[in-house]
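What follows is the content of final_22.pdb, which has PDB, C-alpha atoms:
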ATOM      1  CA  ASP A  15      85.288  71.551 147.560
ATOM      2  CA  GLY A  16      87.328  73.130 150.334
ATOM      3  CA  GLY A  17      85.980  72.948 153.822
ATOM      4  CA  ILE A  18      86.006  71.394 157.257
ATOM      5  CA  THR A  19      84.792  67.862 157.809
ATOM      6  CA  GLN A  20      83.744  66.623 161.201
ATOM      7  CA  SER A  21      82.952  63.000 161.879
ATOM      8  CA  PRO A  22      80.913  61.308 163.022
ATOM      9  CA  LYS A  23      77.814  63.485 162.965
ATOM     10  CA  TYR A  24      76.304  61.622 165.922
ATOM     11  CA  LEU A  25      78.252  59.765 168.601
ATOM     12  CA  PHE A  26      77.106  57.823 171.614
ATOM     13  CA  ARG A  27      79.413  57.084 174.502
ATOM     14  CA  LYS A  28      79.056  54.966 177.572
ATOM     15  CA  GLU A  29      80.067  56.505 180.857
ATOM     16  CA  GLY A  30      83.736  55.941 181.597
ATOM     17  CA  GLN A  31      84.787  55.641 177.971
ATOM     18  CA  ASN A  32      87.074  57.923 175.991
ATOM     19  CA  VAL A  33      85.914  58.984 172.540
ATOM     20  CA  THR A  34      87.677  60.866 169.765
ATOM     21  CA  LEU A  35      86.017  63.365 167.466
ATOM     22  CA  SER A  36      87.578  63.907 164.083
ATOM     23  CA  CYS A  37      88.165  67.274 162.398
ATOM     24  CA  GLU A  38      89.851  67.586 159.009
ATOM     25  CA  GLN A  39      90.303  70.701 156.884
ATOM     26  CA  ASN A  40      91.593  71.204 153.357
ATOM     27  CA  LEU A  41      91.629  74.993 153.473
ATOM     28  CA  ASN A  42      95.358  75.163 154.245
ATOM     29  CA  HIS A  43      94.601  77.125 157.409
ATOM     30  CA  ASP A  44      97.210  77.253 160.148
ATOM     31  CA  ALA A  45      94.822  77.809 163.051
ATOM     32  CA  MET A  46      92.219  75.333 164.278
ATOM     33  CA  TYR A  47      89.779  75.412 167.187
ATOM     34  CA  TRP A  48      87.356  73.254 169.135
ATOM     35  CA  TYR A  49      84.201  74.706 170.671
ATOM     36  CA  ARG A  50      81.506  73.160 172.792
ATOM     37  CA  GLN A  51      77.892  74.267 172.422
ATOM     38  CA  ASP A  52      75.207  73.729 175.048
ATOM     39  CA  PRO A  53      71.624  75.001 174.772
ATOM     40  CA  GLY A  54      71.411  78.633 175.829
ATOM     41  CA  GLN A  55      75.170  78.805 176.479
ATOM     42  CA  GLY A  56      76.596  79.878 173.184
ATOM     43  CA  LEU A  57      79.937  78.421 172.141
ATOM     44  CA  ARG A  58      82.828  77.964 174.535
ATOM     45  CA  LEU A  59      86.435  77.437 173.516
ATOM     46  CA  ILE A  60      87.968  74.093 174.491
ATOM     47  CA  TYR A  61      91.358  74.065 172.735
ATOM     48  CA  TYR A  62      93.075  75.885 169.920
ATOM     49  CA  SER A  63      96.151  75.385 167.811
ATOM     50  CA  GLN A  64      98.052  77.972 165.814
ATOM     51  CA  ILE A  65     100.617  75.662 164.237
ATOM     52  CA  VAL A  66     101.422  71.989 163.921
ATOM     53  CA  ASN A  67     102.648  70.338 167.118
ATOM     54  CA  ASP A  68     101.449  73.209 169.273
ATOM     55  CA  PHE A  69      98.127  73.784 171.022
ATOM     56  CA  GLN A  70      96.748  75.772 173.926
ATOM     57  CA  LYS A  71      93.957  75.309 176.439
ATOM     58  CA  GLY A  72      90.839  77.360 176.020
ATOM     59  CA  ASP A  73      88.278  78.246 178.656
ATOM     60  CA  ILE A  74      86.926  74.744 179.346
ATOM     61  CA  ALA A  75      89.799  72.345 178.608
ATOM     62  CA  GLU A  76      89.357  70.075 181.644
ATOM     63  CA  GLY A  77      88.439  66.547 180.614
ATOM     64  CA  TYR A  78      89.536  67.033 177.003
ATOM     65  CA  SER A  79      92.729  66.441 175.057
ATOM     66  CA  VAL A  80      93.879  67.250 171.523
ATOM     67  CA  SER A  81      96.754  66.643 169.143
ATOM     68  CA  ARG A  82      97.992  68.493 166.086
ATOM     69  CA  GLU A  83     100.367  66.191 164.241
ATOM     70  CA  LYS A  84      99.279  67.382 160.801
ATOM     71  CA  LYS A  85      98.170  70.767 159.559
ATOM     72  CA  GLU A  86      94.952  69.291 158.219
ATOM     73  CA  SER A  87      93.850  67.427 161.325
ATOM     74  CA  PHE A  88      92.908  68.435 164.871
ATOM     75  CA  PRO A  89      91.183  65.545 166.681
ATOM     76  CA  LEU A  90      89.514  66.057 170.050
ATOM     77  CA  THR A  91      89.384  63.320 172.685
ATOM     78  CA  VAL A  92      86.669  63.501 175.303
ATOM     79  CA  THR A  93      88.026  61.604 178.274
ATOM     80  CA  SER A  94      86.245  59.909 181.143
ATOM     81  CA  ALA A  95      87.316  62.865 183.292
ATOM     82  CA  GLN A  96      84.813  65.099 181.512
ATOM     83  CA  LYS A  97      81.842  64.908 183.859
ATOM     84  CA  ASN A  98      79.183  66.261 181.524
ATOM     85  CA  PRO A  99      80.242  65.491 177.955
ATOM     86  CA  THR A 100      76.829  65.498 176.298
ATOM     87  CA  ALA A 101      76.936  68.481 173.939
ATOM     88  CA  PHE A 102      77.327  69.651 170.359
ATOM     89  CA  TYR A 103      80.987  70.004 169.376
ATOM     90  CA  LEU A 104      82.146  72.351 166.632
ATOM     91  CA  CYS A 105      85.530  72.489 164.980
ATOM     92  CA  ALA A 106      86.744  75.600 163.170
ATOM     93  CA  SER A 107      89.759  76.815 161.275
ATOM     94  CA  SER A 108      90.835  80.323 160.407
ATOM     95  CA  MET A 109      93.038  82.343 158.157
ATOM     96  CA  ASN A 110      93.286  86.063 158.771
ATOM     97  CA  THR A 111      90.062  87.311 160.326
ATOM     98  CA  GLU A 112      87.447  84.736 159.346
ATOM     99  CA  ALA A 113      86.707  81.418 161.018
ATOM    100  CA  PHE A 114      85.100  78.565 159.089
ATOM    101  CA  PHE A 115      83.112  75.935 160.932
ATOM    102  CA  GLY A 116      82.422  72.269 160.411
ATOM    103  CA  GLN A 117      78.937  70.782 160.637
ATOM    104  CA  GLY A 118      79.438  69.574 164.178
ATOM    105  CA  THR A 119      79.343  66.318 166.129
ATOM    106  CA  ARG A 120      76.569  65.654 168.605
ATOM    107  CA  LEU A 121      77.896  63.567 171.476
ATOM    108  CA  THR A 122      75.506  61.822 173.823
ATOM    109  CA  VAL A 123      76.443  59.851 176.916
ATOM    110  CA  VAL A 124      74.245  56.824 177.434
TER     111      VAL A 124
ATOM    112  CA  ALA B   8      89.055  89.921 178.589
ATOM    113  CA  GLN B   9      86.436  90.470 175.953
ATOM    114  CA  SER B  10      82.830  89.432 176.490
ATOM    115  CA  VAL B  11      79.621  89.560 174.505
ATOM    116  CA  THR B  12      76.048  90.052 175.679
ATOM    117  CA  GLN B  13      73.125  89.265 173.439
ATOM    118  CA  LEU B  14      70.231  91.022 175.050
ATOM    119  CA  ASP B  15      67.411  88.853 173.734
ATOM    120  CA  SER B  16      67.368  85.074 173.930
ATOM    121  CA  GLN B  17      64.346  84.822 171.628
ATOM    122  CA  VAL B  18      62.890  87.214 169.067
ATOM    123  CA  PRO B  19      59.550  86.362 167.431
ATOM    124  CA  VAL B  20      58.664  88.362 164.340
ATOM    125  CA  PHE B  21      56.170  88.182 161.510
ATOM    126  CA  GLU B  22      57.269  87.554 157.962
ATOM    127  CA  GLU B  23      58.204  90.721 156.031
ATOM    128  CA  ALA B  24      58.583  92.729 159.240
ATOM    129  CA  PRO B  25      61.889  94.370 160.189
ATOM    130  CA  VAL B  26      64.054  92.870 162.914
ATOM    131  CA  GLU B  27      66.943  93.957 165.125
ATOM    132  CA  LEU B  28      69.047  91.538 167.149
ATOM    133  CA  ARG B  29      71.008  93.307 169.843
ATOM    134  CA  CYS B  30      74.620  92.718 170.799
ATOM    135  CA  ASN B  31      76.859  94.540 173.267
ATOM    136  CA  TYR B  32      80.478  93.789 173.936
ATOM    137  CA  SER B  33      83.040  94.745 176.528
ATOM    138  CA  SER B  34      86.678  95.227 175.748
ATOM    139  CA  SER B  35      89.482  97.561 176.690
ATOM    140  CA  VAL B  36      91.123  97.267 173.288
ATOM    141  CA  SER B  37      90.081  97.417 169.674
ATOM    142  CA  VAL B  38      88.211  94.342 168.572
ATOM    143  CA  TYR B  39      86.870  92.588 165.552
ATOM    144  CA  LEU B  40      83.133  91.835 165.646
ATOM    145  CA  PHE B  41      81.146  89.126 163.901
ATOM    146  CA  TRP B  42      77.635  87.808 163.429
ATOM    147  CA  TYR B  43      77.118  84.131 162.645
ATOM    148  CA  VAL B  44      73.943  82.192 161.828
ATOM    149  CA  GLN B  45      73.272  78.579 162.759
ATOM    150  CA  TYR B  46      70.502  76.419 161.340
ATOM    151  CA  PRO B  47      69.382  73.365 163.375
ATOM    152  CA  ASN B  48      72.068  70.719 163.811
ATOM    153  CA  GLN B  49      74.493  72.531 161.554
ATOM    154  CA  GLY B  50      77.672  74.522 161.886
ATOM    155  CA  LEU B  51      77.968  78.288 161.897
ATOM    156  CA  GLN B  52      77.945  80.476 158.814
ATOM    157  CA  LEU B  53      79.404  83.972 158.782
ATOM    158  CA  LEU B  54      76.829  86.697 158.103
ATOM    159  CA  LEU B  55      79.117  89.711 158.368
ATOM    160  CA  LYS B  56      82.115  91.132 160.157
ATOM    161  CA  TYR B  57      83.470  94.468 161.302
ATOM    162  CA  LEU B  58      87.225  94.939 161.228
ATOM    163  CA  SER B  59      87.688  98.664 160.708
ATOM    164  CA  GLY B  60      86.489 101.512 158.525
ATOM    165  CA  SER B  61      82.823 102.156 157.830
ATOM    166  CA  THR B  62      80.659 101.460 160.847
ATOM    167  CA  LEU B  63      77.800 100.119 158.723
ATOM    168  CA  VAL B  64      78.579  96.622 157.550
ATOM    169  CA  LYS B  65      76.541  94.743 154.982
ATOM    170  CA  GLY B  66      76.436  90.972 154.928
ATOM    171  CA  ILE B  67      74.761  88.085 153.214
ATOM    172  CA  ASN B  68      71.028  87.421 152.975
ATOM    173  CA  GLY B  69      70.170  91.130 153.314
ATOM    174  CA  PHE B  70      71.523  91.543 156.831
ATOM    175  CA  GLU B  71      73.501  94.529 158.023
ATOM    176  CA  ALA B  72      75.016  95.640 161.305
ATOM    177  CA  GLU B  73      76.213  98.914 162.751
ATOM    178  CA  PHE B  74      79.270  99.233 164.938
ATOM    179  CA  ASN B  75      78.848 101.839 167.666
ATOM    180  CA  LYS B  76      82.040 102.322 169.609
ATOM    181  CA  SER B  77      80.628 104.741 172.181
ATOM    182  CA  GLN B  78      77.814 102.341 173.061
ATOM    183  CA  THR B  79      79.973  99.243 172.531
ATOM    184  CA  SER B  80      77.238  97.736 170.417
ATOM    185  CA  PHE B  81      77.017  95.803 167.173
ATOM    186  CA  HIS B  82      73.322  95.278 166.469
ATOM    187  CA  LEU B  83      72.160  93.172 163.546
ATOM    188  CA  ARG B  84      69.269  94.336 161.371
ATOM    189  CA  LYS B  85      67.199  93.223 158.437
ATOM    190  CA  PRO B  86      64.445  95.387 156.930
ATOM    191  CA  SER B  87      62.183  92.506 155.902
ATOM    192  CA  VAL B  88      62.578  88.949 157.184
ATOM    193  CA  HIS B  89      61.622  85.680 155.515
ATOM    194  CA  ILE B  90      60.509  82.385 156.989
ATOM    195  CA  SER B  91      63.902  80.999 155.970
ATOM    196  CA  ASP B  92      65.646  83.433 158.340
ATOM    197  CA  THR B  93      64.417  81.354 161.290
ATOM    198  CA  ALA B  94      67.646  80.272 162.984
ATOM    199  CA  GLU B  95      70.000  80.915 165.895
ATOM    200  CA  TYR B  96      72.167  84.026 165.598
ATOM    201  CA  PHE B  97      75.436  84.500 167.427
ATOM    202  CA  CYS B  98      77.400  87.667 168.000
ATOM    203  CA  ALA B  99      81.133  87.170 168.559
ATOM    204  CA  VAL B 100      84.188  89.232 169.370
ATOM    205  CA  SER B 101      87.765  88.375 168.560
ATOM    206  CA  ASP B 102      89.660  86.957 171.511
ATOM    207  CA  LEU B 103      92.883  88.861 171.901
ATOM    208  CA  ARG B 104      94.589  86.480 174.345
ATOM    209  CA  SER B 105      98.167  85.778 173.475
ATOM    210  CA  ASN B 106      98.702  83.290 170.672
ATOM    211  CA  SER B 107      95.013  82.588 170.159
ATOM    212  CA  GLY B 108      94.930  83.851 166.620
ATOM    213  CA  TYR B 109      91.328  84.511 165.806
ATOM    214  CA  ALA B 110      89.627  82.529 168.532
ATOM    215  CA  LEU B 111      86.228  84.017 169.225
ATOM    216  CA  ASN B 112      84.218  84.827 172.327
ATOM    217  CA  PHE B 113      80.547  84.206 171.594
ATOM    218  CA  GLY B 114      77.339  85.544 173.031
ATOM    219  CA  LYS B 115      74.726  83.045 174.159
ATOM    220  CA  GLY B 116      72.742  83.422 170.974
ATOM    221  CA  THR B 117      69.397  84.812 169.894
ATOM    222  CA  SER B 118      66.757  82.525 168.469
ATOM    223  CA  LEU B 119      64.899  84.282 165.646
ATOM    224  CA  LEU B 120      61.488  82.815 164.899
ATOM    225  CA  VAL B 121      59.725  84.130 161.800
ATOM    226  CA  THR B 122      56.044  83.272 161.444
ATOM    227  CA  PRO B 123      53.595  83.903 158.594
TER     228      PRO B 123
END
Could I get this file's structure written as structure tokens?
Amino acid sequence: DGGITQSPKYLFRKEGQNVTLSCEQNLNHDAMYWYRQDPGQGLRLIYYSQIVNDFQKGDIAEGYSVSREKKESFPLTVTSAQKNPTAFYLCASSMNTEAFFGQGTRLTVV
Amino acid sequence: AQSVTQLDSQVPVFEEAPVELRCNYSSSVSVYLFWYVQYPNQGLQLLLKYLSGSTLVKGINGFEAEFNKSQTSFHLRKPSVHISDTAEYFCAVSDLRSNSGYALNFGKGTSLLVTP
């Protein structure tokens, strides 16, 4: 089935470590996005990419990095510079006017 | 810049009662509007969207929404809710920043709790 796969579902990170969240889509969508969700805050845009090898910062890009080497993949790295990384992270892709979301990765700093 | 305000953080309702979840947006240009639903620890699922045309939009699971340009609102309604409608609901507006495609600006969400 076509869709967006995020892995892992749960991730624990020690302070000071970088971690990478995976996002893969087989919908043949050009655009992909990363959002962060905190309780009572809605979703906030971290990074987005319209085409391969190009990406743009969203509203809360500090402490994060991304790459877009393949159309299907848009991994997100949470770096040690992100001071409060514990959150639920959602990846999405879009074609035309509808965005499709993955099932999310819950990142916890321990 | 576009922004979205969901006026109620929590809405408790009894099963089979009607419900309205309120959403207002601000934008100086035409926008696309969306409602998404999120069940615990899951991603978001599109309920319905307004792009143009008829201001009354019907979606999945019996939900509908009405676009009101003069009041800049896009309220979500359902005439009779079920226990299974208990979830978080997000209103979103298309982000028209340059080169963002269809990135979305989300409201903070409304938690709908349906009880017997």
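Our summary of the geometry notes that atom CA of Gly50 of chain B is positioned 5.7 Å from atom CA of Gly118 of chain A.
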Checklist entry - Between atom CA of Tyr24 of chain A and atom CA of Asn48 of chain B, what is the spacing in Å? => result 10.3 Å
Next on the checklist: Here is a test: counting all atoms listed in the file, which residue of B:Gln78, B:Tyr43, B:Ser37, B:Leu51 is nearest to chain A?
Outcome noted: B:Leu51
Checklist entry - Exactly which residues make up the result of the ChimeraX specification (/B :<9) & /A on this file, given as a ChimeraX atom specification? => result /A:45-47,53-59,62-64,70,72,102,104-105,108-120
Would you list the residues near (100.5, 71.2, 163.9) (no more than 6 Å away, in the coordinates of the file, using only C-alpha atoms) as a PDB file with C-alpha atoms, in the coordinates of the input?
ATOM      1  CA  ILE A  65     100.617  75.662 164.237  1.00  0.00           C
ATOM      2  CA  VAL A  66     101.422  71.989 163.921  1.00  0.00           C
ATOM      3  CA  ASN A  67     102.648  70.338 167.118  1.00  0.00           C
ATOM      4  CA  ASP A  68     101.449  73.209 169.273  1.00  0.00           C
ATOM      5  CA  ARG A  82      97.992  68.493 166.086  1.00  0.00           C
ATOM      6  CA  GLU A  83     100.367  66.191 164.241  1.00  0.00           C
ATOM      7  CA  LYS A  84      99.279  67.382 160.801  1.00  0.00           C
ATOM      8  CA  LYS A  85      98.170  70.767 159.559  1.00  0.00           C
TER       9      LYS A  85
END
Could you write segment 71-90 of chain A as a PDB file, keeping the file's coordinate frame, with N, CA and C atoms rebuilt where they are missing?
ATOM      1  N   LYS A  71      95.254  75.492 175.803  1.00  0.00           N
ATOM      2  CA  LYS A  71      93.957  75.309 176.439  1.00  0.00           C
ATOM      3  C   LYS A  71      93.089  76.544 176.252  1.00  0.00           C
ATOM      4  N   GLY A  72      91.803  76.290 176.058  1.00  0.00           N
ATOM      5  CA  GLY A  72      90.839  77.360 176.020  1.00  0.00           C
ATOM      6  C   GLY A  72      90.198  77.542 177.389  1.00  0.00           C
ATOM      7  N   ASP A  73      88.951  77.936 177.403  1.00  0.00           N
ATOM      8  CA  ASP A  73      88.278  78.246 178.656  1.00  0.00           C
ATOM      9  C   ASP A  73      87.757  77.025 179.415  1.00  0.00           C
ATOM     10  N   ILE A  74      87.528  75.920 178.697  1.00  0.00           N
ATOM     11  CA  ILE A  74      86.926  74.744 179.346  1.00  0.00           C
ATOM     12  C   ILE A  74      87.662  73.471 178.942  1.00  0.00           C
ATOM     13  N   ALA A  75      88.975  73.451 179.094  1.00  0.00           N
ATOM     14  CA  ALA A  75      89.799  72.345 178.608  1.00  0.00           C
ATOM     15  C   ALA A  75      89.757  71.102 179.502  1.00  0.00           C
ATOM     16  N   GLU A  76      89.313  71.220 180.728  1.00  0.00           N
ATOM     17  CA  GLU A  76      89.357  70.075 181.644  1.00  0.00           C
ATOM     18  C   GLU A  76      88.518  68.912 181.127  1.00  0.00           C
ATOM     19  N   GLY A  77      89.139  67.733 181.089  1.00  0.00           N
ATOM     20  CA  GLY A  77      88.439  66.547 180.614  1.00  0.00           C
ATOM     21  C   GLY A  77      88.565  66.312 179.114  1.00  0.00           C
ATOM     22  N   TYR A  78      89.320  67.150 178.451  1.00  0.00           N
ATOM     23  CA  TYR A  78      89.536  67.033 177.003  1.00  0.00           C
ATOM     24  C   TYR A  78      91.024  66.978 176.694  1.00  0.00           C
ATOM     25  N   SER A  79      91.359  66.384 175.550  1.00  0.00           N
ATOM     26  CA  SER A  79      92.729  66.441 175.057  1.00  0.00           C
ATOM     27  C   SER A  79      92.703  66.538 173.542  1.00  0.00           C
ATOM     28  N   VAL A  80      93.783  67.081 172.966  1.00  0.00           N
ATOM     29  CA  VAL A  80      93.879  67.250 171.523  1.00  0.00           C
ATOM     30  C   VAL A  80      95.280  66.898 171.070  1.00  0.00           C
ATOM     31  N   SER A  81      95.446  66.774 169.762  1.00  0.00           N
ATOM     32  CA  SER A  81      96.754  66.643 169.143  1.00  0.00           C
ATOM     33  C   SER A  81      96.728  67.409 167.832  1.00  0.00           C
ATOM     34  N   ARG A  82      97.897  67.795 167.375  1.00  0.00           N
ATOM     35  CA  ARG A  82      97.992  68.493 166.086  1.00  0.00           C
ATOM     36  C   ARG A  82      99.268  68.014 165.391  1.00  0.00           C
ATOM     37  N   GLU A  83      99.215  66.803 164.900  1.00  0.00           N
ATOM     38  CA  GLU A  83     100.367  66.191 164.241  1.00  0.00           C
ATOM     39  C   GLU A  83     100.455  66.583 162.771  1.00  0.00           C
ATOM     40  N   LYS A  84      99.337  66.953 162.195  1.00  0.00           N
ATOM     41  CA  LYS A  84      99.279  67.382 160.801  1.00  0.00           C
ATOM     42  C   LYS A  84      98.515  68.689 160.706  1.00  0.00           C
ATOM     43  N   LYS A  85      98.843  69.487 159.727  1.00  0.00           N
ATOM     44  CA  LYS A  85      98.170  70.767 159.559  1.00  0.00           C
ATOM     45  C   LYS A  85      96.680  70.580 159.322  1.00  0.00           C
ATOM     46  N   GLU A  86      96.331  69.497 158.628  1.00  0.00           N
ATOM     47  CA  GLU A  86      94.952  69.291 158.219  1.00  0.00           C
ATOM     48  C   GLU A  86      94.057  68.735 159.314  1.00  0.00           C
ATOM     49  N   SER A  87      94.630  68.214 160.387  1.00  0.00           N
ATOM     50  CA  SER A  87      93.850  67.427 161.325  1.00  0.00           C
ATOM     51  C   SER A  87      94.001  67.926 162.753  1.00  0.00           C
ATOM     52  N   PHE A  88      92.894  67.956 163.483  1.00  0.00           N
ATOM     53  CA  PHE A  88      92.908  68.435 164.871  1.00  0.00           C
ATOM     54  C   PHE A  88      91.869  67.630 165.662  1.00  0.00           C
ATOM     55  N   PRO A  89      92.160  66.374 165.976  1.00  0.00           N
ATOM     56  CA  PRO A  89      91.183  65.545 166.681  1.00  0.00           C
ATOM     57  C   PRO A  89      91.038  65.930 168.149  1.00  0.00           C
ATOM     58  N   LEU A  90      89.840  65.758 168.653  1.00  0.00           N
ATOM     59  CA  LEU A  90      89.514  66.057 170.050  1.00  0.00           C
ATOM     60  C   LEU A  90      89.119  64.766 170.752  1.00  0.00           C
TER      61      LEU A  90
END
